[in-house]
Amino acid sequence: MIDSQSDCGEAGASEARSSWVERGILAAVCALVVAVYAYTAHSGSSLPPTPDPADDYYNLLVQGFRTGQLNLKVDVPRGLAQLTDPYDPAAHFPYPVLDLSYYKGKLHLYFGVTPALTVFWPYVALTGRYLPDADAAMIFCVVGFLVGAGLLCALWRRYFAGVNLAVVAAGALALGFATCAPFLLAACKVYEVAISCGYAFTMLALAAIWMALHKCRKRSVWLAAAGLAYGLAVGARPNLLFGAVILLVPVAQTWREQRKFWAPLLAATAPIVVIGLGLMLYNYLRFDSPFEFGLRYQLSGEQHFTQRFFSLGYLWFNFRVYFLAAAHWGGRFPFVHDITMPPLPAGHGGVDRPFGVLTNMPLVWLALAVPLGWRGRSAQARSAFCGFSTVLAALFGIAALMLGLYYTVACRYDLDFLPAFVLLAVTGILSVERTLVARPVWQRAARWGWSLLLGFSVVFGLLVSVARCAEHYRDLGAVFFQQGRLQEAVSHYQRALQIEPDYATAHNELGMALVRLGRLTEAIGHYEQALRIRPDFAEADNNLANALAWSDRLPEAVGHYERALRIKPDFAEAHNNLGVVLTRLGRRQEAIGHLEQALRIRPDYADARHNLEQAQAAQ
């Protein structure tokens, strides 16, 4: 547990050691959170299409390191190497290289290297086995949470010793469940590993900064540890780089105390500078540029050479999505549904199931109460407490700003800034409790208020992780569908719908798999269910119309094609399919019009051109 004592002159009730009962209660709360993390990480993982952990990207990178190379130890598919433009999504789609970086005939990992060096490589060296991504992400999240809980206990004993233990236990639950960690663990892939690693080392850096603020005689030692930890966090998540300014807060405190600050400044900056130089060398050896992490050479669903990764033009949109957009609520478990998306700004890469923190995690508003905790303290105690509060606020603000400027939005990115924000909010709760200790009526009213905010935030965090688990099964179903393993695809889509019955996308894609299996009646039922949930789902209307056409229910099919086109007028596939059905109904002139429209939208649409030629010949 993080040391709450100080050698900077502060003494008092906070120095009293907690009883074994208190420790047992807090340990039980922490054990509950860790158990939920473990269950979530493994219940959401299921059997992936590549079940051998040795084939996970980080383990392939470790295999490369162990053989003296910086690229992944995997053969480049021959067809990929022969492509004129391997970065064209349509060209590299058939190859199992998604989200890797391809440069000079080698496959690299653009995700941060820290997880490979700190967990994956030591694990295989010690055990001879490869660590699955889900286990790695769970380890990092557990470390991050336990460090956060230790900081909460240190705050309590050092500055809020008179506050009830139950308040601290509730705060620990918030740190466990209202930080987006359960959401991240519900679907663990390479992305989640890097994010959770950044979270763990950021929290370790915060713990070392706490010690530097309160252990004056060993400040340089603790600052060196903080610089090392934060440097490793940057190695996992380079967007955290500018948050390194938090390392200067204890240095500034040393300067205010009129002590020599050169040694603390060197201790804080030297480790992160060394790590930064190492990352630049690593990048240069891989991509011939010290500032290229491989993102521009990524093999994904879009080309990145001309992409603006950071822009002020994204800021207002991202702010609304990350902080203001309220989730929709339904009457069936898990009750939480996606937000209403505002229009995307030009060049934006899209969103991945986000939600607004201020509207859906109202606990964080209590961060505004932190200044109440500054009152009535000695100058020395207030300085250290304000310093740590400033560290939390700065880390939250800088991390949120960097994500606000980034070209994509994803809920899992919240783990970059939300833990510091929640810890600040829990500190606000402690400050309110301390301020109202002499006013029991007001204290009870305030307790009811913050309890409701905290409870709602915790429940929302758990519910959204359940919804994420359903999405994970749907994603697995999509992978199996693309591989032609239709029965397994159907099984995973059905599992997703067991968790979230109103999941329109899963209903639609399950219908597609059932059509491939020849089960048209069942497919039509799922398409209709998808449209009941999302009446504006143009793709489901088109798929339903296809199934109706194959069932010789042509007039009904025409109605659904027309409805899809009212929703999405530039839907080339729907124009083509409607043209085919109208040809079958003898309405050739209308059919030709729709087929020509499909070609105007997509001039390279070979099926539409063939169908147009047939319709013209028949006419």
# chains A, B, ... in the order shown; residues from 1 in each chain; ligands from 1
>>> residues_around(residues="range 522-539 of chain A", least_positions_apart="2", cutoff="10 Å", atoms="only C-alpha atoms", output="VMD selection string")
chain A and resid 501 to 520 541 to 548 551 560 to 569 571 573 to 574
>>> write_last_selection(atoms="N, CA and C atoms", output="compact mmCIF listing (two decimals), in the first residue's frame")
# COMPACT_ATOMS: atom_id res chain seq x y z
N PRO A 501 -30.43 -8.49 -26.62
CA PRO A 501 -31.45 -8.89 -27.59
C PRO A 501 -31.79 -7.81 -28.61
N ASP A 502 -31.58 -6.55 -28.28
CA ASP A 502 -31.92 -5.47 -29.20
C ASP A 502 -30.71 -4.99 -30.00
N TYR A 503 -29.81 -5.86 -30.31
CA TYR A 503 -28.59 -5.51 -31.05
C TYR A 503 -28.91 -5.64 -32.55
N ALA A 504 -29.26 -4.52 -33.18
CA ALA A 504 -29.74 -4.55 -34.55
C ALA A 504 -28.70 -5.08 -35.52
N THR A 505 -27.44 -4.68 -35.36
CA THR A 505 -26.39 -5.13 -36.27
C THR A 505 -26.22 -6.64 -36.20
N ALA A 506 -26.28 -7.21 -35.00
CA ALA A 506 -26.14 -8.67 -34.86
C ALA A 506 -27.32 -9.38 -35.52
N HIS A 507 -28.55 -8.86 -35.38
CA HIS A 507 -29.69 -9.46 -36.08
C HIS A 507 -29.48 -9.45 -37.59
N ASN A 508 -29.01 -8.32 -38.11
CA ASN A 508 -28.80 -8.20 -39.55
C ASN A 508 -27.74 -9.18 -40.04
N GLU A 509 -26.61 -9.25 -39.33
CA GLU A 509 -25.54 -10.12 -39.79
C GLU A 509 -25.86 -11.60 -39.57
N LEU A 510 -26.62 -11.90 -38.51
CA LEU A 510 -27.09 -13.27 -38.34
C LEU A 510 -27.99 -13.67 -39.50
N GLY A 511 -28.83 -12.74 -39.95
CA GLY A 511 -29.67 -13.02 -41.12
C GLY A 511 -28.83 -13.34 -42.34
N MET A 512 -27.72 -12.61 -42.52
CA MET A 512 -26.84 -12.87 -43.67
C MET A 512 -26.25 -14.27 -43.60
N ALA A 513 -25.82 -14.69 -42.40
CA ALA A 513 -25.27 -16.04 -42.25
C ALA A 513 -26.33 -17.11 -42.49
N LEU A 514 -27.55 -16.86 -42.01
CA LEU A 514 -28.62 -17.84 -42.20
C LEU A 514 -29.01 -17.96 -43.67
N VAL A 515 -28.94 -16.86 -44.40
CA VAL A 515 -29.21 -16.91 -45.84
C VAL A 515 -28.20 -17.82 -46.53
N ARG A 516 -26.92 -17.66 -46.14
CA ARG A 516 -25.88 -18.50 -46.75
C ARG A 516 -26.11 -19.98 -46.44
N LEU A 517 -26.75 -20.25 -45.31
CA LEU A 517 -27.05 -21.64 -44.93
C LEU A 517 -28.38 -22.12 -45.52
N GLY A 518 -29.07 -21.25 -46.27
CA GLY A 518 -30.34 -21.64 -46.89
C GLY A 518 -31.53 -21.55 -45.96
N ARG A 519 -31.39 -20.93 -44.82
CA ARG A 519 -32.49 -20.82 -43.84
C ARG A 519 -33.16 -19.45 -44.00
N LEU A 520 -33.88 -19.29 -45.12
CA LEU A 520 -34.41 -17.99 -45.50
C LEU A 520 -35.47 -17.49 -44.53
N ASP A 541 -32.81 -3.29 -44.57
CA ASP A 541 -33.89 -3.27 -45.57
C ASP A 541 -33.45 -3.93 -46.86
N ASN A 542 -32.23 -3.63 -47.31
CA ASN A 542 -31.72 -4.23 -48.54
C ASN A 542 -31.58 -5.74 -48.40
N ASN A 543 -31.04 -6.20 -47.25
CA ASN A 543 -30.87 -7.64 -47.05
C ASN A 543 -32.22 -8.35 -46.94
N LEU A 544 -33.18 -7.71 -46.26
CA LEU A 544 -34.51 -8.30 -46.17
C LEU A 544 -35.14 -8.41 -47.56
N ALA A 545 -34.97 -7.37 -48.36
CA ALA A 545 -35.52 -7.41 -49.72
C ALA A 545 -34.88 -8.54 -50.53
N ASN A 546 -33.58 -8.75 -50.37
CA ASN A 546 -32.92 -9.86 -51.07
C ASN A 546 -33.54 -11.19 -50.67
N ALA A 547 -33.73 -11.40 -49.36
CA ALA A 547 -34.30 -12.67 -48.90
C ALA A 547 -35.73 -12.84 -49.40
N LEU A 548 -36.50 -11.76 -49.41
CA LEU A 548 -37.86 -11.84 -49.94
C LEU A 548 -37.86 -12.16 -51.43
N SER A 551 -37.27 -15.67 -52.00
CA SER A 551 -38.46 -16.43 -51.60
C SER A 551 -39.63 -16.17 -52.55
N HIS A 560 -39.18 -2.88 -49.84
CA HIS A 560 -38.04 -2.71 -48.93
C HIS A 560 -36.83 -2.11 -49.64
N TYR A 561 -36.63 -2.45 -50.92
CA TYR A 561 -35.55 -1.77 -51.66
C TYR A 561 -35.83 -0.27 -51.73
N GLU A 562 -37.06 0.09 -52.02
CA GLU A 562 -37.41 1.51 -52.13
C GLU A 562 -37.25 2.21 -50.78
N ARG A 563 -37.59 1.51 -49.71
CA ARG A 563 -37.42 2.10 -48.39
C ARG A 563 -35.93 2.30 -48.08
N ALA A 564 -35.10 1.33 -48.43
CA ALA A 564 -33.66 1.49 -48.21
C ALA A 564 -33.13 2.69 -48.97
N LEU A 565 -33.64 2.92 -50.17
CA LEU A 565 -33.15 4.04 -50.98
C LEU A 565 -33.69 5.38 -50.49
N ARG A 566 -34.84 5.37 -49.84
CA ARG A 566 -35.31 6.61 -49.22
C ARG A 566 -34.41 7.00 -48.05
N ILE A 567 -33.92 5.98 -47.34
CA ILE A 567 -33.02 6.24 -46.21
C ILE A 567 -31.63 6.60 -46.70
N LYS A 568 -31.17 5.91 -47.75
CA LYS A 568 -29.79 6.07 -48.23
C LYS A 568 -29.82 6.15 -49.76
N PRO A 569 -30.07 7.33 -50.33
CA PRO A 569 -30.26 7.45 -51.78
C PRO A 569 -29.05 7.01 -52.61
N PHE A 571 -27.18 4.38 -52.23
CA PHE A 571 -26.94 2.97 -51.90
C PHE A 571 -26.90 2.20 -53.22
N GLU A 573 -25.79 -0.76 -54.13
CA GLU A 573 -26.23 -2.15 -54.11
C GLU A 573 -27.76 -2.25 -54.15
N ALA A 574 -28.43 -1.37 -53.41
CA ALA A 574 -29.89 -1.41 -53.41
C ALA A 574 -30.45 -1.03 -54.78
>>> residues_around(residues="range 197-202 of chain A", least_positions_apart="4", cutoff="7 Å", atoms="only C-alpha atoms", output="PDB file with C-alpha atoms, in the first residue's frame")
ATOM      1  CA  PRO A 115       3.858  -4.365 -23.265  1.00  0.00           C
ATOM      2  CA  PHE A 140      -2.334  -4.176 -16.576  1.00  0.00           C
ATOM      3  CA  CYS A 141      -5.851  -3.166 -15.511  1.00  0.00           C
ATOM      4  CA  VAL A 143      -2.154  -3.097 -11.556  1.00  0.00           C
ATOM      5  CA  GLY A 144      -3.675   0.243 -12.530  1.00  0.00           C
ATOM      6  CA  VAL A 193      -3.292  -4.337 -24.481  1.00  0.00           C
ATOM      7  CA  LEU A 206       1.138   9.025 -10.142  1.00  0.00           C
ATOM      8  CA  ALA A 229       7.098   4.789 -15.164  1.00  0.00           C
ATOM      9  CA  TYR A 230       5.729   7.636 -17.250  1.00  0.00           C
ATOM     10  CA  LEU A 232       7.109   3.408 -20.168  1.00  0.00           C
ATOM     11  CA  ALA A 233       3.520   4.700 -20.360  1.00  0.00           C
ATOM     12  CA  VAL A 234       4.539   6.828 -23.354  1.00  0.00           C
ATOM     13  CA  ALA A 236       2.785   2.097 -24.750  1.00  0.00           C
ATOM     14  CA  ARG A 237       0.688   5.158 -25.696  1.00  0.00           C
ATOM     15  CA  LEU A 415      -8.848   4.867 -20.115  1.00  0.00           C
ATOM     16  CA  ASP A 416      -6.189   7.443 -21.001  1.00  0.00           C
TER      17      ASP A 416
END
>>> residues_around(residues="Met138 in chain A", least_positions_apart="3", cutoff="10 Å", atoms="only C-alpha atoms", output="ChimeraX atom specification")
/A:34,37-42,133-135,141-144,181-182,184-185,188,192-193,196-197
>>> residues_around(residues="range 421-423 of chain A", least_positions_apart="5", cutoff="8 Å", atoms="only C-alpha atoms", output="VMD selection string")
chain A and resid 148 152 174 to 175 178 to 179 363 to 364 367 392 to 393 396
>>> write_last_selection(atoms="C-alpha atoms", output="short mmCIF file (atom, residue, chain, number, x, y, z; two decimals), in the first residue's frame")
data_model
loop_
_atom_site.label_atom_id
_atom_site.label_comp_id
_atom_site.auth_asym_id
_atom_site.auth_seq_id
_atom_site.Cartn_x
_atom_site.Cartn_y
_atom_site.Cartn_z
CA GLY A 148 -5.32 3.84 -7.80
CA LEU A 152 -7.10 6.70 -2.52
CA ALA A 174 -15.77 3.86 -8.55
CA LEU A 175 -12.07 3.51 -9.39
CA ALA A 178 -16.36 3.80 -13.50
CA THR A 179 -13.05 4.14 -15.35
CA LEU A 363 -19.67 11.10 -10.64
CA VAL A 364 -16.91 13.09 -12.35
CA ALA A 367 -14.10 16.82 -9.10
CA LEU A 392 -4.44 14.72 -11.49
CA ALA A 393 -6.17 17.66 -13.18
CA PHE A 396 -6.75 14.43 -17.19
#
>>> residues_around(residues="Leu213 in chain A", least_positions_apart="4", cutoff="7 Å", atoms="only C-alpha atoms", output="list in words")
Ile209, Pro250 and Ala384 of chain A
>>> closest_residue(among="A:Trp222, A:Arg444, A:Val113, A:Ala186", to="Leu279 in chain A", atoms="only C-alpha atoms")
A:Val113
>>> residues_around(residues="Ala267 in chain A", least_positions_apart="4", cutoff="7 Å", atoms="only C-alpha atoms", output="list in words")
Ser220, Leu223, Ala224 and Ala263 of chain A
>>> atom_distance(atom1="CA of Asp607 in chain A", atom2="CA of Asp475 in chain A")
28.0 Å
>>> atom_distance(atom1="CA of Tyr314 in chain A", atom2="CA of Tyr413 in chain A")
15.5 Å
>>> closest_residue(among="A:Thr408, A:Gln597, A:Gln253, A:Ser289", to="Gln380 in chain A", atoms="only C-alpha atoms")
A:Gln253
>>> closest_atom_pairs(of="range 95-214 of chain A", to="range 424-439 of chain A", cutoff="7 Å", atoms="only C-alpha atoms", output="Markdown table")
| residue | atom | partner | partner_atom | distance |
| --- | --- | --- | --- | --- |
| A:Phe160 | CA | A:Arg434 | CA | 6.6 |
| A:Val163 | CA | A:Arg434 | CA | 6.3 |
| A:Gly171 | CA | A:Val426 | CA | 5.6 |
